[in-house]
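Asker: So here's structure-v5.cif (mmCIF, N, CA, C and O atoms).
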```cif
data_structure
#
loop_
_atom_site.group_PDB
_atom_site.id
_atom_site.type_symbol
_atom_site.label_atom_id
_atom_site.label_comp_id
_atom_site.auth_asym_id
_atom_site.auth_seq_id
_atom_site.Cartn_x
_atom_site.Cartn_y
_atom_site.Cartn_z
ATOM 1 N N MET K 328 115.472 80.359 73.379
ATOM 2 C CA MET K 328 114.773 80.281 74.638
ATOM 3 C C MET K 328 115.705 79.803 75.747
ATOM 4 O O MET K 328 116.561 78.966 75.531
ATOM 5 N N SER K 329 115.509 80.333 76.925
ATOM 6 C CA SER K 329 116.299 79.932 78.083
ATOM 7 C C SER K 329 115.653 78.723 78.753
ATOM 8 O O SER K 329 114.581 78.271 78.364
ATOM 9 N N LYS K 330 116.298 78.239 79.786
ATOM 10 C CA LYS K 330 115.739 77.126 80.556
ATOM 11 C C LYS K 330 114.412 77.513 81.200
ATOM 12 O O LYS K 330 113.575 76.675 81.455
ATOM 13 N N ALA K 331 114.224 78.800 81.464
ATOM 14 C CA ALA K 331 112.981 79.265 82.083
ATOM 15 C C ALA K 331 111.876 79.451 81.040
ATOM 16 O O ALA K 331 110.756 79.800 81.387
ATOM 17 N N GLY K 332 112.200 79.230 79.774
ATOM 18 C CA GLY K 332 111.209 79.403 78.716
ATOM 19 C C GLY K 332 111.015 80.846 78.304
ATOM 20 O O GLY K 332 110.032 81.179 77.654
ATOM 21 N N LEU K 333 111.942 81.715 78.686
ATOM 22 C CA LEU K 333 111.866 83.133 78.347
ATOM 23 C C LEU K 333 112.947 83.482 77.342
ATOM 24 O O LEU K 333 114.034 82.929 77.367
ATOM 25 N N ASP K 334 112.643 84.463 76.486
ATOM 26 C CA ASP K 334 113.668 84.882 75.532
ATOM 27 C C ASP K 334 114.709 85.756 76.235
ATOM 28 O O ASP K 334 114.496 86.239 77.347
ATOM 29 N N GLU K 335 115.831 85.953 75.571
ATOM 30 C CA GLU K 335 116.955 86.679 76.179
ATOM 31 C C GLU K 335 116.591 88.113 76.560
ATOM 32 O O GLU K 335 117.021 88.614 77.599
ATOM 33 N N GLU K 336 115.793 88.783 75.750
ATOM 34 C CA GLU K 336 115.412 90.168 76.052
ATOM 35 C C GLU K 336 114.575 90.235 77.333
ATOM 36 O O GLU K 336 114.798 91.103 78.184
ATOM 37 N N THR K 337 113.647 89.312 77.496
ATOM 38 C CA THR K 337 112.825 89.273 78.704
ATOM 39 C C THR K 337 113.682 88.987 79.927
ATOM 40 O O THR K 337 113.525 89.631 80.971
ATOM 41 N N LEU K 338 114.596 88.037 79.801
ATOM 42 C CA LEU K 338 115.495 87.730 80.923
ATOM 43 C C LEU K 338 116.335 88.941 81.299
ATOM 44 O O LEU K 338 116.517 89.238 82.481
ATOM 45 N N LYS K 339 116.844 89.666 80.302
ATOM 46 C CA LYS K 339 117.662 90.853 80.564
ATOM 47 C C LYS K 339 116.817 91.931 81.256
ATOM 48 O O LYS K 339 117.283 92.597 82.184
ATOM 49 N N ASN K 340 115.572 92.087 80.830
ATOM 50 C CA ASN K 340 114.680 93.065 81.467
ATOM 51 C C ASN K 340 114.406 92.700 82.922
ATOM 52 O O ASN K 340 114.395 93.570 83.793
ATOM 53 N N ILE K 341 114.200 91.427 83.191
ATOM 54 C CA ILE K 341 113.977 90.971 84.569
ATOM 55 C C ILE K 341 115.219 91.223 85.408
ATOM 56 O O ILE K 341 115.133 91.732 86.532
ATOM 57 N N GLN K 342 116.385 90.879 84.864
ATOM 58 C CA GLN K 342 117.637 91.098 85.590
ATOM 59 C C GLN K 342 117.840 92.585 85.882
ATOM 60 O O GLN K 342 118.206 92.954 87.005
ATOM 61 N N ASN K 343 117.603 93.438 84.904
ATOM 62 C CA ASN K 343 117.756 94.879 85.120
ATOM 63 C C ASN K 343 116.799 95.395 86.184
ATOM 64 O O ASN K 343 117.170 96.238 87.004
ATOM 65 N N HIS K 344 115.574 94.879 86.187
ATOM 66 C CA HIS K 344 114.600 95.277 87.212
ATOM 67 C C HIS K 344 115.086 94.866 88.604
ATOM 68 O O HIS K 344 114.993 95.643 89.559
ATOM 69 N N LEU K 345 115.602 93.646 88.721
ATOM 70 C CA LEU K 345 116.122 93.177 90.011
ATOM 71 C C LEU K 345 117.306 94.017 90.467
ATOM 72 O O LEU K 345 117.404 94.393 91.637
ATOM 73 N N ILE K 346 118.214 94.327 89.553
ATOM 74 C CA ILE K 346 119.399 95.124 89.892
ATOM 75 C C ILE K 346 118.996 96.507 90.402
ATOM 76 O O ILE K 346 119.607 97.032 91.330
ATOM 77 N N GLU K 347 117.948 97.082 89.835
ATOM 78 C CA GLU K 347 117.479 98.391 90.292
ATOM 79 C C GLU K 347 116.991 98.349 91.741
ATOM 80 O O GLU K 347 117.020 99.365 92.425
ATOM 81 N N GLN K 348 116.556 97.187 92.217
ATOM 82 C CA GLN K 348 116.070 97.047 93.588
ATOM 83 C C GLN K 348 117.209 96.879 94.597
ATOM 84 O O GLN K 348 117.009 97.055 95.795
ATOM 85 N N ILE K 349 118.399 96.532 94.132
ATOM 86 C CA ILE K 349 119.547 96.261 94.999
ATOM 87 C C ILE K 349 120.306 97.563 95.249
ATOM 88 O O ILE K 349 120.715 98.229 94.297
ATOM 89 N N PRO K 350 120.507 97.960 96.498
ATOM 90 C CA PRO K 350 121.215 99.203 96.784
ATOM 91 C C PRO K 350 122.602 99.319 96.133
ATOM 92 O O PRO K 350 123.004 100.413 95.741
ATOM 93 N N MET K 351 123.324 98.223 96.006
ATOM 94 C CA MET K 351 124.649 98.278 95.389
ATOM 95 C C MET K 351 124.582 98.292 93.863
ATOM 96 O O MET K 351 125.599 98.427 93.193
ATOM 97 N N LYS K 352 123.391 98.134 93.308
ATOM 98 C CA LYS K 352 123.134 98.215 91.868
ATOM 99 C C LYS K 352 123.929 97.216 91.045
ATOM 100 O O LYS K 352 124.371 97.502 89.940
ATOM 101 N N LYS K 353 124.117 96.014 91.591
ATOM 102 C CA LYS K 353 124.791 94.958 90.840
ATOM 103 C C LYS K 353 124.417 93.611 91.425
ATOM 104 O O LYS K 353 124.010 93.516 92.574
ATOM 105 N N MET K 354 124.551 92.580 90.601
ATOM 106 C CA MET K 354 124.334 91.218 91.059
ATOM 107 C C MET K 354 125.605 90.742 91.754
ATOM 108 O O MET K 354 126.706 91.167 91.399
ATOM 109 N N GLY K 355 125.446 89.885 92.726
ATOM 110 C CA GLY K 355 126.602 89.291 93.380
ATOM 111 C C GLY K 355 127.270 88.287 92.451
ATOM 112 O O GLY K 355 126.660 87.789 91.505
ATOM 113 N N THR K 356 128.517 87.988 92.746
ATOM 114 C CA THR K 356 129.265 87.048 91.914
ATOM 115 C C THR K 356 129.622 85.800 92.721
ATOM 116 O O THR K 356 129.629 85.822 93.958
ATOM 117 N N ALA K 357 129.940 84.761 92.010
ATOM 118 C CA ALA K 357 130.391 83.532 92.662
ATOM 119 C C ALA K 357 131.672 83.797 93.445
ATOM 120 O O ALA K 357 131.881 83.230 94.526
ATOM 121 N N GLU K 358 132.519 84.670 92.946
ATOM 122 C CA GLU K 358 133.775 84.998 93.638
ATOM 123 C C GLU K 358 133.491 85.654 94.990
ATOM 124 O O GLU K 358 134.177 85.373 95.979
ATOM 125 N N GLU K 359 132.491 86.505 95.061
ATOM 126 C CA GLU K 359 132.148 87.154 96.332
ATOM 127 C C GLU K 359 131.653 86.131 97.349
ATOM 128 O O GLU K 359 131.999 86.215 98.535
ATOM 129 N N ILE K 360 130.877 85.163 96.914
ATOM 130 C CA ILE K 360 130.417 84.100 97.802
ATOM 131 C C ILE K 360 131.601 83.249 98.245
ATOM 132 O O ILE K 360 131.735 82.899 99.421
ATOM 133 N N ALA K 361 132.485 82.934 97.301
ATOM 134 C CA ALA K 361 133.659 82.109 97.606
ATOM 135 C C ALA K 361 134.557 82.788 98.639
ATOM 136 O O ALA K 361 135.139 82.106 99.497
ATOM 137 N N LYS K 362 134.674 84.101 98.585
ATOM 138 C CA LYS K 362 135.498 84.822 99.570
ATOM 139 C C LYS K 362 134.935 84.647 100.981
ATOM 140 O O LYS K 362 135.691 84.468 101.938
ATOM 141 N N LEU K 363 133.607 84.692 101.125
ATOM 142 C CA LEU K 363 133.014 84.480 102.445
ATOM 143 C C LEU K 363 133.223 83.040 102.902
ATOM 144 O O LEU K 363 133.558 82.802 104.061
ATOM 145 N N VAL K 364 133.041 82.096 102.007
ATOM 146 C CA VAL K 364 133.251 80.688 102.347
ATOM 147 C C VAL K 364 134.689 80.471 102.798
ATOM 148 O O VAL K 364 134.948 79.782 103.801
ATOM 149 N N THR K 365 135.635 81.072 102.090
ATOM 150 C CA THR K 365 137.052 80.961 102.459
ATOM 151 C C THR K 365 137.289 81.546 103.847
ATOM 152 O O THR K 365 137.959 80.940 104.682
ATOM 153 N N TYR K 366 136.733 82.706 104.109
ATOM 154 C CA TYR K 366 136.858 83.345 105.416
ATOM 155 C C TYR K 366 136.300 82.445 106.520
ATOM 156 O O TYR K 366 136.961 82.203 107.533
ATOM 157 N N LEU K 367 135.092 81.944 106.311
ATOM 158 C CA LEU K 367 134.453 81.139 107.348
ATOM 159 C C LEU K 367 135.118 79.790 107.560
ATOM 160 O O LEU K 367 135.044 79.218 108.653
ATOM 161 N N SER K 368 135.771 79.269 106.538
ATOM 162 C CA SER K 368 136.384 77.943 106.658
ATOM 163 C C SER K 368 137.788 77.988 107.259
ATOM 164 O O SER K 368 138.379 76.942 107.526
ATOM 165 N N ASP K 369 138.304 79.173 107.515
ATOM 166 C CA ASP K 369 139.629 79.308 108.096
ATOM 167 C C ASP K 369 139.507 79.622 109.592
ATOM 168 O O ASP K 369 139.202 80.749 109.975
ATOM 169 N N ASP K 370 139.748 78.630 110.431
ATOM 170 C CA ASP K 370 139.598 78.811 111.879
ATOM 171 C C ASP K 370 140.539 79.864 112.450
ATOM 172 O O ASP K 370 140.225 80.484 113.468
ATOM 173 N N GLN K 371 141.684 80.083 111.834
ATOM 174 C CA GLN K 371 142.607 81.094 112.338
ATOM 175 C C GLN K 371 142.073 82.503 112.100
ATOM 176 O O GLN K 371 142.408 83.426 112.836
ATOM 177 N N ILE K 372 141.249 82.671 111.091
ATOM 178 C CA ILE K 372 140.703 83.994 110.783
ATOM 179 C C ILE K 372 139.328 84.189 111.421
ATOM 180 O O ILE K 372 139.050 85.207 112.029
ATOM 181 N N SER K 373 138.456 83.187 111.275
ATOM 182 C CA SER K 373 137.077 83.356 111.733
ATOM 183 C C SER K 373 136.726 82.451 112.903
ATOM 184 O O SER K 373 135.549 82.269 113.204
ATOM 185 N N GLY K 374 137.704 81.930 113.578
ATOM 186 C CA GLY K 374 137.466 80.963 114.653
ATOM 187 C C GLY K 374 136.628 81.483 115.804
ATOM 188 O O GLY K 374 136.034 80.699 116.533
ATOM 189 N N TYR K 375 136.538 82.800 115.962
ATOM 190 C CA TYR K 375 135.772 83.362 117.076
ATOM 191 C C TYR K 375 134.362 83.771 116.634
ATOM 192 O O TYR K 375 133.570 84.260 117.410
ATOM 193 N N VAL K 376 134.030 83.561 115.369
ATOM 194 C CA VAL K 376 132.706 83.882 114.849
ATOM 195 C C VAL K 376 131.774 82.720 115.165
ATOM 196 O O VAL K 376 132.032 81.576 114.797
ATOM 197 N N THR K 377 130.695 83.017 115.891
ATOM 198 C CA THR K 377 129.710 81.982 116.228
ATOM 199 C C THR K 377 128.311 82.559 116.146
ATOM 200 O O THR K 377 128.097 83.753 116.376
ATOM 201 N N GLY K 378 127.366 81.726 115.816
ATOM 202 C CA GLY K 378 125.952 82.072 115.896
ATOM 203 C C GLY K 378 125.542 83.335 115.180
ATOM 204 O O GLY K 378 124.786 84.127 115.721
ATOM 205 N N THR K 379 126.013 83.524 113.995
ATOM 206 C CA THR K 379 125.643 84.721 113.266
ATOM 207 C C THR K 379 125.068 84.359 111.908
ATOM 208 O O THR K 379 125.328 83.302 111.366
ATOM 209 N N GLU K 380 124.264 85.248 111.381
ATOM 210 C CA GLU K 380 123.725 85.092 110.033
ATOM 211 C C GLU K 380 124.398 86.142 109.161
ATOM 212 O O GLU K 380 124.324 87.341 109.450
ATOM 213 N N ILE K 381 125.068 85.699 108.143
ATOM 214 C CA ILE K 381 125.757 86.617 107.241
ATOM 215 C C ILE K 381 124.963 86.664 105.941
ATOM 216 O O ILE K 381 124.788 85.657 105.268
ATOM 217 N N VAL K 382 124.470 87.843 105.622
ATOM 218 C CA VAL K 382 123.657 88.011 104.431
ATOM 219 C C VAL K 382 124.507 88.660 103.346
ATOM 220 O O VAL K 382 125.096 89.710 103.550
ATOM 221 N N ILE K 383 124.551 87.999 102.209
ATOM 222 C CA ILE K 383 125.285 88.546 101.056
ATOM 223 C C ILE K 383 124.239 88.815 99.980
ATOM 224 O O ILE K 383 123.885 87.945 99.191
ATOM 225 N N ASP K 384 123.701 90.037 99.986
ATOM 226 C CA ASP K 384 122.632 90.344 99.041
ATOM 227 C C ASP K 384 122.695 91.777 98.514
ATOM 228 O O ASP K 384 121.726 92.297 97.980
ATOM 229 N N GLY K 385 123.831 92.430 98.676
ATOM 230 C CA GLY K 385 123.981 93.774 98.144
ATOM 231 C C GLY K 385 123.167 94.826 98.871
ATOM 232 O O GLY K 385 123.009 95.944 98.400
ATOM 233 N N GLY K 386 122.625 94.476 100.029
ATOM 234 C CA GLY K 386 121.882 95.418 100.843
ATOM 235 C C GLY K 386 120.376 95.420 100.608
ATOM 236 O O GLY K 386 119.660 96.252 101.154
ATOM 237 N N ILE K 387 119.874 94.486 99.829
ATOM 238 C CA ILE K 387 118.443 94.492 99.503
ATOM 239 C C ILE K 387 117.558 94.219 100.720
ATOM 240 O O ILE K 387 116.403 94.629 100.756
ATOM 241 N N THR K 388 118.091 93.539 101.744
ATOM 242 C CA THR K 388 117.261 93.232 102.919
ATOM 243 C C THR K 388 117.468 94.230 104.062
ATOM 244 O O THR K 388 117.111 93.955 105.193
ATOM 245 N N LEU K 389 118.019 95.378 103.788
ATOM 246 C CA LEU K 389 118.214 96.380 104.840
ATOM 247 C C LEU K 389 116.914 96.815 105.440
ATOM 248 O O LEU K 389 115.917 96.956 104.876
#
```
Output the structure of this file as structure tokens.
Answerer:
Amino acid sequence: MSKAGLDEETLKNIQNHLIEQIPMKKMGTAEEIAKLVTYLSDDQISGYVTGTEIVIDGGITL
């Protein structure tokens, strides 16, 4: 059993269902989030970026 109280097969089915809803057909990774954090934390690269919302969700909120 997982922390959610679901067996592995059920969790895999839920994950597959979610992935089918995402236009890029994959889950995001920690590395992809880290790349954005790195970009935003570097004033020489992103210093002119202000007041924006950056969505990292594979296009699901289009």
Asker: Need to verify the contact set: region 345-351 of chain K, 5 Å, all atoms listed in the file, exclusion of same-chain residues closer than 3 positions in sequence. Can you return it as a PyMOL selection string?
Answerer: chain K and resi 341-342+385-387
Asker: May I ask for the distance between atom C of Tyr366 (chain K) and CA of Ile381 (chain K), given in Å to one decimal place?
Answerer: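 Distance reported for this atom pair: 11.4 Å.
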Asker: Mind checking DSSP for chain K and telling me the alpha helix (DSSP H) residues as a PyMOL selection string?
Answerer: chain K and resi 335-348+357-368+370-373
Asker: Between CA of Thr379 (chain K) and atom C of Val364 (chain K), what is the distance in Å, rounded to a tenth?
Answerer: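 Taking CA of Thr379 (chain K) as the start and atom C of Val364 (chain K) as the end point, the length is 14.5 Å.
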Asker: How many Å separate CA of Asp384 (chain K) from atom O of Asp370 (chain K)?
Answerer: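 Those two atoms sit 24.8 Å apart.
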